[in-house]
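Structure first, commentary second.
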Amino acid sequence: MQRHLALELASTIRHDGSGGVADDLDTVPDTARWLASVADLLPGTQVLGSGADEDLRDQVLALRGAVRALLARAVRPGPPSPADAHRLLPAEQALERLNSAAAREPVVPRLRWDEGDVPVVELRSGGGACDTRVVAALARSAIALLHGPDRERLRACTAPRCVRYFVQSHGRQQWCGTACGNRARAARHYERQVLARSAARPLRSVVES
């Protein structure tokens with residue numbers, strides 16, 4: 001399954017397994033660990049690892065807020081993730097924040113043409129501090145996702161307690177993964193049982209009287 005860096009960033013807000021929401025960017029060490037986990041999706045950048053600091057964390061958090069607001073816009077008329085539906089950035093502010101982050105790093109096109117292959121254009125960094133390159137790469141990944149064909153297949157997972165966004169692999173997919181699908185089906189089954197019991201009570205009362 002294809003991984004989208006922008007969705008990886010958005011998914012640093014996640015269900016904690018106990019009915020609440022966890023934040024994988026809660027501290028500077030948490031942020032460093034997350035950046036290391038997506039290093040393979042950050043081409044042309046040097047992941048900071050233990051060199052991450054509070055300023056970088058603040059930049060990534062601010063960008064995440066913009067990305068999640070724009071993902072919520074992309075899934076309309078479907079519902080947004082319940083994690084932050086009540087406090088999303090206005091769309092114009094989210095767009096400005098995203099575009100400003102992407103513009104922090106100059107990039108230059110570079111043509112690569114291996115023998116026997118078709119020419120490929122790569123975007124290479126034109127310079128800048130490492131943290132600037134990381135944040136700009138995260139922003140460009142969101143721009144690519146929202147501009148590309150996968151935007152039409154973006155959805156917010158509707159399983160109980162899930163707060164993830166995902167790209168549908170087929171048109172009827174409602175949940176981000178198997179575990180969420182199982183949990184949603186179990187919840188629906190429970191609701192049907194409760195409704196059936198509630199509907200049966202008045203009938204028994206009439207018979208007994």
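Chains: A, B, ... in order of the structure tokens. Residues: from 1 per chain. Ligands: from 1, in order shown.
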Please identify every residue of segment 40-132 of chain A that has at least one atom no farther than 8 Å from an atom of segment 160-172 of chain A, counting only C-alpha atoms, and for each give the shortest atom pair and the distance in Å to one decimal, arranged by chain then increasing number, as a Markdown table.
| residue | atom | partner | partner_atom | distance |
| --- | --- | --- | --- | --- |
| A:Leu71 | CA | A:Tyr165 | CA | 7.6 |
| A:Ser81 | CA | A:Val163 | CA | 5.0 |
| A:Pro82 | CA | A:Val163 | CA | 6.0 |
| A:Ala83 | CA | A:Val163 | CA | 5.6 |
Using only C-alpha atoms, I'd like a table of the residues in segment 31-136 of chain A that come within 8 Å of segment 10-16 of chain A; for each, show the closest atom pair and its distance in Å rounded to one decimal, ordered by chain and ascending number, as CSV.
residue,atom,partner,partner_atom,distance
A:Arg64,CA,A:Ala10,CA,6.0
A:Val67,CA,A:Ala10,CA,6.8
A:Arg68,CA,A:Ala10,CA,5.9
A:Ala83,CA,A:Ile13,CA,7.6
Could the residues in this selection be written to a file with N, CA, C and O atoms, as a tab-separated table (two decimals), in the first residue's frame?
chain	number	residue	atom	x	y	z
A	64	ARG	N	0.99	20.68	10.59
A	64	ARG	CA	-0.01	19.62	10.75
A	64	ARG	C	-1.42	20.20	10.87
A	64	ARG	O	-2.38	19.67	10.31
A	67	VAL	N	-2.55	21.08	7.43
A	67	VAL	CA	-2.80	19.89	6.62
A	67	VAL	C	-4.12	19.24	7.02
A	67	VAL	O	-4.94	18.88	6.17
A	68	ARG	N	-4.37	19.09	8.31
A	68	ARG	CA	-5.61	18.45	8.75
A	68	ARG	C	-6.83	19.30	8.37
A	68	ARG	O	-7.89	18.75	8.04
A	83	ALA	N	-11.40	14.22	15.64
A	83	ALA	CA	-10.35	14.64	16.58
A	83	ALA	C	-10.29	16.15	16.72
A	83	ALA	O	-10.06	16.67	17.82
Skipping near chain neighbours, those fewer than 5 positions away, what residues fall within 8 Å of Arg110 of chain A using only C-alpha atoms, listed as a ChimeraX atom specification?
/A:121-124
Output N, CA and C atoms of each residue in that selection to a file, as a PDB file, in the first residue's frame.
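Wrote it out as result20.pdb, contents follow:
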ATOM      1  N   VAL A 121      12.686  13.749 -14.089  1.00  0.00           N
ATOM      2  CA  VAL A 121      13.008  15.029 -13.464  1.00  0.00           C
ATOM      3  C   VAL A 121      12.904  14.859 -11.951  1.00  0.00           C
ATOM      4  N   GLU A 122      13.970  15.221 -11.253  1.00  0.00           N
ATOM      5  CA  GLU A 122      13.985  15.196  -9.805  1.00  0.00           C
ATOM      6  C   GLU A 122      14.105  16.618  -9.279  1.00  0.00           C
ATOM      7  N   LEU A 123      13.435  16.889  -8.186  1.00  0.00           N
ATOM      8  CA  LEU A 123      13.576  18.185  -7.525  1.00  0.00           C
ATOM      9  C   LEU A 123      14.626  18.061  -6.443  1.00  0.00           C
ATOM     10  N   ARG A 124      15.639  18.896  -6.524  1.00  0.00           N
ATOM     11  CA  ARG A 124      16.719  18.876  -5.542  1.00  0.00           C
ATOM     12  C   ARG A 124      16.731  20.170  -4.744  1.00  0.00           C
TER      13      ARG A 124
END
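Take atom CA of Ala6 of chain A and atom CA of Ala142 of chain A: the distance between them is 4.8 Å.
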Name the residues of segment 10-162 of chain A that come out as helix (DSSP H, G or I) in a backbone DSSP run; write them as an MDAnalysis selection string.
chainID A and resid 10 28:37 39:41 49:51 54:74 85:87 91:102 130:147 149:153
Test item, strand (DSSP E or B) assignment across segment 41-118 of chain A, answer as an MDAnalysis selection string:
chainID A and resid 107:112
Include C-alpha atoms and write out the residues we just selected as a compact mmCIF listing (two decimals), in the first residue's frame.
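File out.txt, as written:
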# COMPACT_ATOMS: atom_id res chain seq x y z
CA VAL A 107 14.21 23.66 -5.13
CA VAL A 108 15.75 23.14 -8.55
CA PRO A 109 14.85 20.57 -11.22
CA ARG A 110 17.52 18.03 -12.13
CA LEU A 111 17.28 15.73 -15.14
CA ARG A 112 18.27 12.10 -14.63
Using only C-alpha atoms, what does the table of segment 91-160 of chain A residues within 12 Å of segment 27-35 of chain A look like, with each row giving the shortest atom pair and its distance in Å to one decimal, sorted by chain and ascending number, as a Markdown table?
| residue | atom | partner | partner_atom | distance |
| --- | --- | --- | --- | --- |
| A:Asp131 | CA | A:Leu35 | CA | 10.8 |
| A:Val134 | CA | A:Leu35 | CA | 8.8 |
| A:Val135 | CA | A:Leu35 | CA | 10.5 |
| A:Ala137 | CA | A:Leu35 | CA | 11.7 |
| A:Leu138 | CA | A:Leu35 | CA | 10.3 |
Straight-line distance linking atom CA of Glu105 of chain A with atom CA of Ala129 of chain A, stated in Å to one decimal
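Those two atoms sit 8.6 Å apart.
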Given the choices A:Leu61, A:Leu154, A:Val120, A:Cys176, which gets closest to Pro80 of chain A if the distance is worked out from only C-alpha atoms?
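Distance minimum relative to Pro80 of chain A lands on A:Leu154.
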Fewer than 4 positions away in the same chain doesn't count, so skip those; otherwise give me all residues within 9 Å of segment 85-89 of chain A, counting only C-alpha atoms, as a ChimeraX atom specification.
/A:65-66,68-70,72,79-81,93-94
Selected residues written out, C-alpha atoms, as a JSON list (two decimals), in the first residue's frame:
[["chain", "number", "residue", "atom", "x", "y", "z"],
["A", 65, "GLY", "CA", -2.87, 21.91, 11.76],
["A", 66, "ALA", "CA", -2.98, 23.33, 8.23],
["A", 68, "ARG", "CA", -5.61, 18.45, 8.75],
["A", 69, "ALA", "CA", -7.82, 21.47, 7.99],
["A", 70, "LEU", "CA", -7.28, 20.99, 4.26],
["A", 72, "ALA", "CA", -11.17, 18.00, 6.22],
["A", 79, "PRO", "CA", -17.54, 14.23, 7.77],
["A", 80, "PRO", "CA", -14.09, 15.37, 8.93],
["A", 81, "SER", "CA", -12.06, 13.53, 11.54],
["A", 93, "GLN", "CA", -5.32, 30.51, 6.80],
["A", 94, "ALA", "CA", -4.49, 26.83, 6.28]]
